[in-house]
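Heads up, input28.txt below (compact mmCIF, C-alpha atoms):
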```
# COMPACT_ATOMS: atom_id res chain seq x y z
CA MET A 249 -103.60 -93.30 -27.83
CA HIS A 250 -105.51 -93.62 -31.09
CA PHE A 251 -105.55 -97.12 -32.60
CA THR A 252 -107.88 -98.44 -35.30
CA GLY A 253 -108.58 -102.13 -35.82
CA THR A 254 -106.04 -104.85 -35.07
CA ILE A 255 -102.53 -103.43 -34.64
CA TRP A 256 -99.74 -105.47 -36.21
CA ARG A 257 -96.03 -105.17 -35.47
CA PRO A 258 -93.04 -107.47 -36.02
CA PRO A 259 -91.99 -109.50 -32.95
CA TYR A 260 -88.64 -107.71 -32.89
CA GLU A 261 -90.40 -104.35 -32.36
CA ALA A 262 -91.75 -105.41 -28.95
CA GLY A 263 -89.71 -102.72 -27.17
CA SER A 264 -90.76 -99.88 -29.48
CA LEU A 265 -93.42 -97.26 -28.86
CA LEU A 266 -96.28 -97.91 -31.29
CA LEU A 267 -97.56 -94.75 -32.97
CA GLN A 268 -100.46 -94.90 -35.40
CA VAL A 269 -99.89 -92.68 -38.45
CA ALA A 270 -102.05 -94.67 -40.86
CA ALA A 271 -104.51 -97.55 -40.83
CA GLY A 272 -104.96 -100.17 -43.50
CA CYS A 273 -102.90 -100.79 -46.63
CA THR A 274 -102.46 -98.67 -49.77
CA HIS A 275 -102.25 -101.83 -51.91
CA HIS A 276 -104.91 -103.98 -50.22
CA SER A 277 -104.84 -106.51 -53.08
CA CYS A 278 -102.63 -109.45 -52.04
CA LYS A 279 -104.70 -112.59 -52.50
CA PHE A 280 -103.54 -114.27 -49.28
CA CYS A 281 -103.83 -111.28 -46.93
CA THR A 282 -106.65 -110.81 -44.40
CA LEU A 283 -104.76 -108.67 -41.86
CA TYR A 284 -106.81 -105.51 -42.42
CA HIS A 285 -110.22 -106.99 -43.21
CA ASP A 286 -111.60 -105.68 -39.91
CA LEU A 287 -111.36 -102.09 -41.19
CA PRO A 288 -114.28 -100.34 -42.95
CA PHE A 289 -111.82 -98.76 -45.41
CA SER A 290 -108.72 -99.80 -47.36
CA PHE A 291 -106.35 -97.08 -46.15
CA ARG A 292 -106.57 -93.94 -44.04
CA LEU A 293 -103.99 -91.36 -42.98
CA SER A 294 -104.09 -90.20 -39.37
CA PRO A 295 -104.63 -86.45 -38.94
CA MET A 296 -101.48 -84.67 -37.74
CA GLU A 297 -103.32 -83.35 -34.70
CA GLU A 298 -104.18 -86.94 -33.73
CA ILE A 299 -100.54 -88.01 -34.11
CA GLU A 300 -99.40 -85.05 -32.03
CA ALA A 301 -101.96 -85.82 -29.32
CA ASP A 302 -100.65 -89.40 -29.09
CA LEU A 303 -97.07 -88.17 -28.84
CA ARG A 304 -98.10 -85.76 -26.10
CA GLU A 305 -99.73 -88.65 -24.24
CA ALA A 306 -96.61 -90.79 -24.66
CA GLN A 307 -94.45 -87.92 -23.44
CA MET A 308 -96.63 -87.59 -20.37
CA GLY A 309 -96.24 -91.25 -19.53
CA LEU A 310 -92.54 -91.54 -20.32
CA CYS A 311 -91.03 -88.16 -19.53
CA ASP A 312 -93.26 -86.02 -17.32
CA PRO A 313 -91.83 -85.74 -13.75
CA MET A 314 -95.27 -85.76 -12.13
CA ALA A 315 -96.21 -88.89 -14.07
CA GLN A 316 -92.96 -90.51 -12.95
CA LEU A 317 -93.73 -89.58 -9.33
CA SER A 318 -97.22 -91.05 -9.65
CA LEU A 319 -95.77 -94.31 -10.97
CA ARG A 320 -93.30 -94.48 -8.10
CA LEU A 321 -96.03 -93.87 -5.52
CA GLN A 322 -98.04 -96.69 -7.09
CA GLY A 323 -95.05 -99.03 -7.06
CA ILE A 324 -94.99 -99.23 -10.85
CA PRO A 325 -91.49 -99.57 -12.37
CA ARG A 326 -90.28 -96.52 -14.26
CA PRO A 327 -90.42 -97.07 -18.03
CA ALA A 328 -87.07 -97.47 -19.75
CA GLN A 329 -85.89 -94.48 -21.75
CA LEU A 330 -87.50 -94.59 -25.16
CA ARG A 331 -85.09 -95.29 -28.01
CA ARG A 332 -87.36 -96.27 -30.89
CA VAL A 333 -90.81 -95.52 -32.33
CA PHE A 334 -92.58 -97.91 -34.70
CA LEU A 335 -95.21 -96.33 -36.94
CA THR A 336 -98.23 -98.61 -37.32
CA GLY A 337 -100.31 -99.38 -40.40
CA ALA A 338 -99.59 -101.83 -43.22
CA ASN A 339 -97.16 -99.48 -44.99
CA PRO A 340 -96.69 -96.02 -43.47
CA PHE A 341 -93.62 -95.56 -45.66
CA ALA A 342 -96.12 -94.84 -48.43
CA LEU A 343 -96.71 -91.44 -46.85
CA SER A 344 -95.15 -88.54 -48.72
CA TYR A 345 -91.66 -87.39 -47.80
CA ASP A 346 -93.10 -84.15 -46.38
CA LYS A 347 -95.52 -86.06 -44.14
CA LEU A 348 -92.80 -88.41 -42.87
CA GLU A 349 -90.50 -85.45 -42.24
CA ALA A 350 -93.22 -83.71 -40.24
CA ILE A 351 -93.90 -86.84 -38.18
CA ALA A 352 -90.20 -87.26 -37.45
CA GLY A 353 -90.09 -83.63 -36.32
CA LEU A 354 -92.96 -84.19 -33.89
CA ILE A 355 -91.31 -87.33 -32.53
CA ARG A 356 -88.07 -85.41 -31.97
CA GLN A 357 -90.02 -82.59 -30.30
CA TYR A 358 -91.98 -84.73 -27.84
CA LEU A 359 -89.63 -87.71 -27.40
CA PRO A 360 -86.07 -86.35 -27.75
CA SER A 361 -84.54 -89.61 -26.51
CA CYS A 362 -85.89 -91.46 -29.59
CA GLN A 363 -83.00 -92.45 -31.85
CA THR A 364 -84.68 -94.40 -34.66
CA ILE A 365 -88.06 -94.71 -36.37
CA GLY A 366 -89.30 -97.93 -37.97
CA CYS A 367 -92.40 -99.02 -39.89
CA PHE A 368 -93.71 -101.51 -42.41
CA ALA A 369 -92.88 -100.65 -46.02
CA ARG A 370 -93.85 -102.02 -49.39
CA VAL A 371 -91.25 -102.30 -52.14
CA THR A 372 -93.31 -99.79 -54.13
CA ASP A 373 -93.15 -97.25 -51.27
CA ILE A 374 -89.37 -97.15 -51.57
CA ALA A 375 -89.50 -96.83 -55.35
CA ALA A 376 -91.75 -93.78 -55.06
CA LYS A 377 -89.07 -91.79 -53.20
CA THR A 378 -86.01 -90.16 -54.69
CA GLY A 379 -82.53 -91.08 -53.56
CA GLU A 380 -82.17 -87.69 -51.87
CA GLN A 381 -85.45 -88.16 -50.00
CA LEU A 382 -84.30 -91.57 -48.76
CA ARG A 383 -81.00 -90.08 -47.57
CA ARG A 384 -82.86 -87.32 -45.73
CA LEU A 385 -85.20 -89.85 -44.11
CA ALA A 386 -82.15 -91.77 -42.92
CA ARG A 387 -80.81 -88.58 -41.30
CA LEU A 388 -84.22 -88.07 -39.67
CA GLY A 389 -83.87 -91.48 -37.98
CA PHE A 390 -85.75 -93.85 -40.27
CA ASP A 391 -84.05 -97.22 -40.01
CA GLY A 392 -84.90 -100.91 -39.74
CA LEU A 393 -87.84 -100.87 -42.17
CA SER A 394 -89.87 -104.09 -42.19
CA ILE A 395 -90.49 -105.14 -45.79
CA GLY A 396 -92.89 -107.95 -46.71
CA ALA A 397 -90.87 -109.17 -49.66
CA GLU A 398 -92.64 -112.57 -49.33
CA THR A 399 -90.67 -114.28 -52.13
CA GLY A 400 -88.36 -113.82 -55.08
CA ASP A 401 -90.48 -116.16 -57.23
CA PRO A 402 -91.80 -114.04 -60.14
CA GLN A 403 -94.69 -116.42 -60.84
CA ALA A 404 -95.89 -116.31 -57.22
CA LEU A 405 -95.56 -112.53 -56.96
CA ASP A 406 -97.65 -112.13 -60.10
CA PHE A 407 -100.33 -114.65 -59.09
CA MET A 408 -100.69 -113.17 -55.60
CA ASP A 409 -101.05 -109.62 -56.97
CA LYS A 410 -98.15 -108.26 -54.92
CA GLY A 411 -97.74 -105.33 -57.29
CA TYR A 412 -93.99 -105.63 -57.92
CA GLY A 413 -91.52 -108.01 -59.49
CA ALA A 414 -88.74 -110.12 -58.01
CA GLN A 415 -85.89 -107.90 -59.22
CA ASP A 416 -87.70 -104.88 -57.77
CA VAL A 417 -86.99 -106.30 -54.30
CA ALA A 418 -83.24 -106.31 -54.91
CA ASP A 419 -83.25 -102.96 -56.72
CA GLN A 420 -85.09 -101.11 -53.97
CA ALA A 421 -83.04 -102.79 -51.24
CA ARG A 422 -79.94 -101.49 -53.02
CA ARG A 423 -81.37 -97.97 -52.90
CA LEU A 424 -81.93 -98.34 -49.15
CA ASP A 425 -78.34 -99.53 -48.77
CA GLN A 426 -77.14 -96.45 -50.65
CA ALA A 427 -79.25 -94.20 -48.41
CA LYS A 428 -77.99 -96.03 -45.28
CA ILE A 429 -81.47 -97.13 -44.18
CA GLY A 430 -81.44 -100.61 -42.66
CA TYR A 431 -84.22 -103.08 -43.41
CA HIS A 432 -85.61 -106.52 -42.61
CA PHE A 433 -87.44 -108.94 -44.91
CA THR A 434 -90.37 -111.28 -44.36
CA TYR A 435 -90.41 -114.50 -46.41
CA LEU A 436 -93.67 -116.43 -46.81
CA ALA A 437 -93.10 -120.17 -47.08
CA GLY A 438 -95.75 -121.84 -49.24
CA ILE A 439 -96.51 -118.81 -51.40
CA SER A 440 -95.34 -120.62 -54.56
CA GLY A 441 -97.96 -123.35 -54.13
CA ALA A 442 -97.88 -127.15 -54.02
CA GLY A 443 -94.92 -128.71 -55.80
CA ARG A 444 -93.09 -125.40 -56.27
CA GLY A 445 -91.60 -124.82 -52.83
CA ARG A 446 -88.02 -125.66 -53.79
CA GLU A 447 -88.26 -123.58 -56.97
CA GLY A 448 -89.62 -120.61 -55.01
CA ALA A 449 -86.94 -120.89 -52.33
CA LEU A 450 -84.10 -120.97 -54.86
CA ALA A 451 -85.53 -117.99 -56.76
CA SER A 452 -85.86 -116.11 -53.47
CA ALA A 453 -82.30 -116.90 -52.41
CA GLU A 454 -81.07 -115.57 -55.75
CA ILE A 455 -82.83 -112.25 -55.05
CA PHE A 456 -82.02 -112.05 -51.32
CA ASN A 457 -78.35 -112.77 -51.99
CA GLN A 458 -78.23 -109.39 -53.76
CA THR A 459 -79.42 -107.59 -50.59
CA ASN A 460 -78.36 -106.88 -47.00
CA PRO A 461 -81.29 -107.39 -44.61
CA GLY A 462 -80.54 -107.36 -40.90
CA ILE A 463 -83.23 -109.94 -40.14
CA LEU A 464 -84.97 -112.42 -42.44
CA VAL A 465 -88.22 -113.49 -40.81
CA CYS A 466 -89.93 -116.57 -42.20
CA SER A 467 -93.69 -116.95 -41.86
CA MET A 468 -95.82 -119.78 -43.22
CA LEU A 469 -98.71 -119.17 -45.57
CA THR A 470 -102.02 -119.75 -43.79
CA VAL A 471 -105.13 -119.53 -45.97
CA PHE A 472 -108.20 -118.08 -44.28
CA PRO A 473 -111.72 -118.35 -45.81
CA GLU A 474 -112.04 -114.54 -46.10
CA SER A 475 -109.06 -114.34 -48.46
CA ARG A 476 -109.18 -114.18 -52.26
CA LEU A 477 -106.68 -117.05 -52.27
CA TYR A 478 -109.24 -119.30 -50.57
CA GLN A 479 -111.58 -118.67 -53.50
CA GLU A 480 -108.79 -119.53 -55.95
CA ILE A 481 -108.35 -122.86 -54.17
CA GLN A 482 -112.09 -123.56 -54.17
CA GLN A 483 -112.20 -122.92 -57.91
CA GLY A 484 -109.23 -125.21 -58.57
CA ARG A 485 -106.83 -122.52 -59.75
CA TRP A 486 -104.25 -122.96 -56.98
CA GLN A 487 -103.19 -125.74 -54.63
CA GLU A 488 -101.74 -125.23 -51.17
CA ALA A 489 -98.42 -126.87 -50.27
CA GLY A 490 -98.33 -129.43 -47.48
CA GLU A 491 -96.70 -128.67 -44.13
CA ILE A 492 -93.65 -130.85 -44.75
CA GLU A 493 -93.13 -129.25 -48.16
CA LYS A 494 -93.13 -125.83 -46.48
CA LEU A 495 -90.49 -126.97 -44.00
CA GLN A 496 -88.39 -128.39 -46.84
CA GLU A 497 -88.79 -125.08 -48.66
CA ILE A 498 -87.35 -123.27 -45.63
CA LYS A 499 -84.46 -125.74 -45.59
CA THR A 500 -83.76 -125.01 -49.25
CA LEU A 501 -83.80 -121.28 -48.61
CA ILE A 502 -81.43 -121.49 -45.64
CA ALA A 503 -79.05 -123.72 -47.59
CA ALA A 504 -78.98 -121.35 -50.58
CA LEU A 505 -78.50 -118.05 -48.74
CA ASN A 506 -74.93 -116.77 -48.86
CA ILE A 507 -75.41 -113.43 -47.08
CA PRO A 508 -74.82 -112.77 -43.37
CA VAL A 509 -78.30 -112.45 -41.85
CA HIS A 510 -80.24 -113.31 -38.70
CA PHE A 511 -82.85 -115.88 -39.74
CA ALA A 512 -85.91 -116.76 -37.65
CA THR A 513 -89.32 -118.39 -38.05
CA LEU A 514 -91.33 -115.89 -36.04
CA GLY A 515 -95.06 -115.55 -35.45
CA ALA A 516 -98.04 -117.81 -34.86
CA SER A 517 -98.01 -119.16 -38.43
CA ASN A 518 -94.93 -121.25 -37.55
CA ALA A 519 -95.43 -124.41 -35.51
CA ILE A 520 -91.66 -125.04 -35.67
CA PHE A 521 -89.34 -122.37 -34.24
CA VAL A 522 -85.91 -122.07 -35.85
CA GLU A 523 -83.51 -119.19 -35.25
CA GLY A 524 -79.87 -118.45 -35.87
CA ASP A 525 -77.26 -116.41 -37.66
CA LEU A 526 -76.14 -117.30 -41.14
CA PRO A 527 -73.77 -118.68 -42.12
CA GLN A 528 -72.49 -119.92 -38.74
CA ASP A 529 -75.73 -121.54 -37.53
CA ARG A 530 -76.74 -123.02 -40.89
CA ALA A 531 -75.94 -126.64 -40.04
CA ALA A 532 -77.80 -126.54 -36.74
CA MET A 533 -80.92 -125.00 -38.28
CA LEU A 534 -80.93 -127.49 -41.17
CA ALA A 535 -80.60 -130.38 -38.71
CA GLN A 536 -83.54 -129.06 -36.69
CA LEU A 537 -85.66 -128.78 -39.83
CA ASP A 538 -84.62 -132.28 -40.92
CA GLN A 539 -85.95 -133.62 -37.62
CA ALA A 540 -89.22 -131.67 -37.97
CA SER A 541 -89.73 -132.73 -41.61
CA ARG A 542 -90.38 -136.42 -40.96
CA PRO A 543 -93.49 -137.63 -42.84
CA GLU A 544 -95.36 -138.58 -39.68
CA ASN A 545 -95.39 -134.91 -38.64
CA GLU A 546 -97.59 -133.83 -41.56
CA ALA A 547 -100.90 -134.57 -39.80
CA PRO A 548 -100.18 -132.79 -36.48
CA LEU A 549 -98.63 -129.81 -38.27
CA ARG A 550 -101.67 -129.55 -40.52
CA GLU A 551 -103.96 -129.75 -37.51
CA TYR A 552 -102.05 -126.88 -35.93
CA ARG A 553 -102.58 -124.72 -39.05
CA GLN A 554 -106.27 -125.58 -39.36
CA ASN A 555 -106.81 -124.52 -35.75
CA LEU A 556 -105.23 -121.10 -36.23
CA LYS A 557 -108.02 -118.55 -35.86
CA HIS A 558 -105.80 -115.61 -36.84
CA LEU A 559 -102.11 -114.79 -37.21
```
Encoded form using structure tokens:
Amino acid sequence: MHFTGTIWRPPYEAGSLLLQVAAGCTHHSCKFCTLYHDLPFSFRLSPMEEIEADLREAQMGLCDPMAQLSLRLQGIPRPAQLRRVFLTGANPFALSYDKLEAIAGLIRQYLPSCQTIGCFARVTDIAAKTGEQLRRLARLGFDGLSIGAETGDPQALDFMDKGYGAQDVADQARRLDQAKIGYHFTYLAGISGAGRGREGALASAEIFNQTNPGILVCSMLTVFPESRLYQEIQQGRWQEAGEIEKLQEIKTLIAALNIPVHFATLGASNAIFVEGDLPQDRAAMLAQLDQASRPENEAPLREYRQNLKHL
């Protein structure tokens, strides 16, 4: 299989086949992001012959009778039937409709048991496609897109150079709803900066309450020295929120959400794990965050973040 640099996927895609169709990010400008700094380029499409070769290799491992016999002779459990493929890269949904259609056709050709195709997507990737193209992509199996919305705070989106506005998140989510493409959001606690966590959470809830994500994953902002945001801090133009403020921000968000959604603090950036379904698990999650938000926890939580080498 062809993979370039560090490969990122959401935790909930652990059971999916990972297929590289692009590497890097088309935007590559968010001040806090260092995920693709190990690449010698900003963004690169994978050649179709490379994608097809990887699908052929996956077919051999998952479907070929001789490969299955070899596994059995070696005492290796037979892989479960493949149901989902996750396209890797920061935002493969930026690929043209024709390219995505062709990739879906190859997946269907080599892995006929695959039912759905997921990937990371930027808000701007959705906006670039017509309603008819989105509906066709839904029929081709695209579903469960992972969207790094980050926040609904207009000031934070602008400062971090996200490349879209708060209302754009709701507007493009509505277009996905109309096309019947499911999606998940990532929220980044701390992105609004010191003293603005509550404001950012309330602004985000106002936007998210206009949408229908299946999963709302909460990560915590972690500032690495290679990021542009680190330079902003060094030059006194931005101040990072404390760990307790970030937890209180998550509490505010959970309390203000009025949509049914699975909420979870997933990934290494979170020292505190909270998970549940809203609205039924709201009280339990808020109680857990209350316990974690005691002032004496600031120092150990900060130590945890400072010791994070990567996400």
Determine the axis-aligned bounding box of all atoms of stretch 401-414 of chain A present in the file, pad each side by 6 Å, and express its centre and edge lengths in Å to one decimal place as lines of an AutoDock Vina configuration file.
```
center_x = -94.9
center_y = -110.9
center_z = -57.9
size_x = 24.3
size_y = 23.1
size_z = 17.9
```
Subject >> Distance query 9 Å from (-94.3, -94.2, -26.8) using only C-alpha atoms, result as a list of chain:residue names >> reply: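 These residues have at least one counted atom within 9 Å: A:Ser264, A:Leu265, A:Leu266, A:Leu267, A:Asp302, A:Leu303, A:Glu305, A:Ala306, A:Gln307, A:Gly309, A:Leu310, A:Leu330, A:Arg332, A:Val333, A:Phe334, A:Leu359.
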Subject >> Sphere at (-99.3, -111.5, -58.8), radius 12 Å, counting all atoms listed in the file: residues as an NGL selection string >> reply: :A and (277-280 or 398-414 or 439-440 or 477)
Original post:
Which is closer to A:Asp286 than all the others in A:Leu495, A:Leu393, A:Thr378, A:Glu474, using all atoms listed in the file?
Top reply: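 That would be A:Glu474, the residue with the smallest distance to A:Asp286.
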Subject >> A:Ile299 environment, 12 Å, all atoms listed in the file, sequence neighbours closer than 2 positions dropped, as an MDAnalysis selection string >> reply: chainID A and resid 249:251 266:270 293:297 301:306 335:336 347:348 350:355 358
**OP:** Please indicate the distance in Å from atom CA of A:Ser467 to atom CA of A:Gln426, rounded to one decimal place.
**Re:**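 Taking atom CA of A:Ser467 and atom CA of A:Gln426, their separation equals 27.8 Å.
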**OP:** Could you check which of A:Ala535, A:Ala369, A:Leu283, A:Ile502 is closest to A:Val417, using only C-alpha atoms?
**Re:**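 When distances to A:Val417 are compared using only C-alpha atoms, the smallest one comes from A:Ala369.
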Please report as a tab-separated table every residue of stretch 377-489 of chain A lying within 8 Å of stretch 507-526 of chain A, along with the nearest atom pair and their distance in Å (one decimal), using all atoms listed in the file.
```
residue	atom	partner	partner_atom	distance
A:Phe456	CA	A:Ile507	CA	8.0
A:Asn457	CA	A:Ile507	CA	5.8
A:Thr459	CA	A:Ile507	CA	7.9
A:Asn460	CA	A:Ile507	CA	7.2
A:Pro461	CA	A:Val509	CA	6.5
A:Gly462	CA	A:Val509	CA	5.6
A:Ile463	CA	A:His510	CA	4.7
A:Leu464	CA	A:Phe511	CA	4.9
A:Val465	CA	A:Ala512	CA	5.1
A:Cys466	CA	A:Thr513	CA	4.6
A:Ser467	CA	A:Ser517	CA	5.9
A:Met468	CA	A:Ser517	CA	5.3
A:Leu469	CA	A:Ser517	CA	7.2
A:Thr470	CA	A:Ser517	CA	6.7
```
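Of the residues under consideration (A:Gln487, A:Gln381, A:Ser394, A:Asn339), A:Ser394 shows the shortest atom-to-atom contact distance to A:Glu261 when counting all atoms listed in the file.
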**OP:** Would you mind telling me which residue in A:Arg550, A:Lys499, A:Arg331, A:Lys557 lies nearest to A:Met533 when using all atoms listed in the file?
**Re:**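 Nearest to A:Met533: A:Lys499.
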